[in-house]
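Structure first, then comments.
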Amino acid sequence: MPNAKVLSEKQAIVAELTAKLQSAAAGVLVDYRGITVAEDTALRAELRKNNVDYAVVKNTLLRFAVNNCGMSELDGLLNGTTSLAVCNDDPVAPARVINDFAKKLNDRFEIKGGFMDGKVIPLSEVMALAEIPPLPTLRAQVLGTMLAPISGLACVLKQIAEKQGAPAEEAAAEAPAAE
């Protein structure tokens, strides 16, 4: 049996993981076996840019935390090497960034599963989330869609004004010559 100090440290880690999982908008479990230090460093930098918290976790401690959060369906995924990527504000960011790296690194880095809003989601849904563009891109697309009809109307009105103004300009140009 572990001594009281080690046990209390592990309980603190489980409590921290539980709080992190409960406050996260979404998260992804990753099998990171076989990546190099340089690849891991690049991954962590990209995750920081997207406000994603990423950490390698012990399966046993994470198992206690997911059970505390009511996500015991993740128990089967907690074997081998496991890391956890969570984000509090953008539910798509962890899946998107991790999936981009998984594509680059082929079989050495793969998504095990994920959760959103405290509920476990199937791997197919995690992969579908990963294909959604970043939030600023989505905002730009929506704004572009909203502005397209207005821009089209402005172009049509401008062309009409140019056509109606052309005969008047020709008449004005001919008038001084006639005098």
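Simple scheme: letters A, B, ... for chains in structure tokens order, numbers from 1 for residues in each chain, numbers from 1 for ligands in the order shown.
DSSP annotation of chain A from backbone atoms: strand (DSSP E) residues are Ala26, Gly27, Val28, Leu29, Val30, Asp31, Asp53, Tyr54, Ala55, Val56, Ser83, Leu84, Ala85, Val86, Cys87, Glu110, Ile111, Lys112, Gly113, Gly114, Phe115, Met116, Lys119, Val120 and Ile121 of chain A.
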Using only C-alpha atoms, which residues of segment 101-158 of chain A come within 12 Å of segment 51-68 of chain A, and what is the closest atom pair for each, with the distance in Å to one decimal? Give it as CSV, sorted by chain and residue number.
residue,atom,partner,partner_atom,distance
A:Gly114,CA,A:Val66,CA,11.4
A:Phe115,CA,A:Val66,CA,10.3
A:Gly118,CA,A:Val66,CA,9.5
A:Lys119,CA,A:Val66,CA,10.4
A:Val120,CA,A:Val66,CA,10.0
Considering only alpha helix (DSSP H) as DSSP defines it on the backbone, what residues of segment 32-148 of chain A qualify? List them as an MDAnalysis selection string. chainID A and resid 37:49 59:68 93:105 123:130 135:148
Check the smallest atom-to-atom distance from each of A:Leu129, A:Ala154, A:Val37, A:Val30 to Met116 of chain A using only C-alpha atoms, then report the winner.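 Nearest to Met116 of chain A: A:Leu129.
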